[in-house]
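Since the structure comes first, as C-alpha cells, the remarks are kept for the end.
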Amino acid sequence: MGRGKIEIKRIENSSNRQVTYSKRRNGIMKKVKEITVLCDAHVSLVIFASSGKMHEFCSPSTTLIDILDRYQKQSGKRLWDTKHENLSNELDRIKKENDSLQIELRHLKGEDISSLVQTELMAIENALEIGLASIRNKQMELYKMVKKNQRILEEENNHLNYIMQHQKGMAMEARNLREVEGGYQRDVRDYNPQMPFTFQVQPIQPNLQERI
C-alpha cells in the first residue's frame, strides 16, 4: 500500500512545521552533497529558516562569491551595484599588493631567492643597505635623546640637592640663633645686680656744722 499524496501547503502547527523543516533540510543537504561528488558539479545552497537561522553548503572546489559571479555573467542579471563592484575590485587590488609585499618580505629575509636573477639580488642588497643605514641613524637619534634626557635629569637633581642643602643650612642657622637668644634670656633672668662699690656722702663744707 503506497503512501498518500501530501498536500503542499503551510503547516499550521509550529512543532510539526519545525520537524518537517529539519527533515527536508537535511534531505536537501544530502542531495546537494551527492550531486557535488557524483557529478563534479559546483553547487551552493543557502537556506533561511522562519526563525532567521541560516544553513548553507558550497562545493569544496568553489566559493559562493565565485558562483554568484558566474551566475551574474551568464544570466546577465546585476547582483552587485557599481559601489560593490568598485569595492570588490579594490579588495582584489589590495590582496594582490599584500601578496607582492609578502614575497618581497621573504626575499628580504633571504627566503625563496634561488630563482632570482642578478639584478633582483642587487636590488634586494641595496634595499637592505638603505634599511640598515636608516636603522643606524635611528639608533643614533635614540642614543642622543637618551643622553640628553640623562643630562637634564642630572641638572635637575643637582638643582634639587642645592635647594635642599640651602634649606638645611638656613634651618641650622635659625636653630643656632634660637639657642643663642634662649641663652641670653636665661643670663638676663639669672643676673642679680650688685653695686661693686659703696659710696658715703660727705658734706661739701665739713666745718659748716661746727660754725652753727
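Residues are named by chain letter and number: chains run A, B, ... in the order of the C-alpha cells, numbers start at 1 in each chain, and ligands are numbered from 1 in the order shown.
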Near-range 17-34 of chain A list (9 Å; only C-alpha atoms; drop same-chain fewer than 3 positions) as a ChimeraX atom specification = /A:10-14,37-39,43-45,47,49,55-59
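Looking only at range 43-211 of chain A, the set that DSSP places in strand (DSSP E) from backbone geometry is A:Ser44, A:Leu45, A:Val46, A:Ile47, A:Phe48, A:Met54, A:His55, A:Glu56, A:Phe57, A:Cys58.
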May I have all residues of range 22-101 of chain A that DSSP, computed from the backbone, assigns to helix (DSSP H, G or I), given as number ranges by chain?
-> A: 22-39, 64-75, 82-101
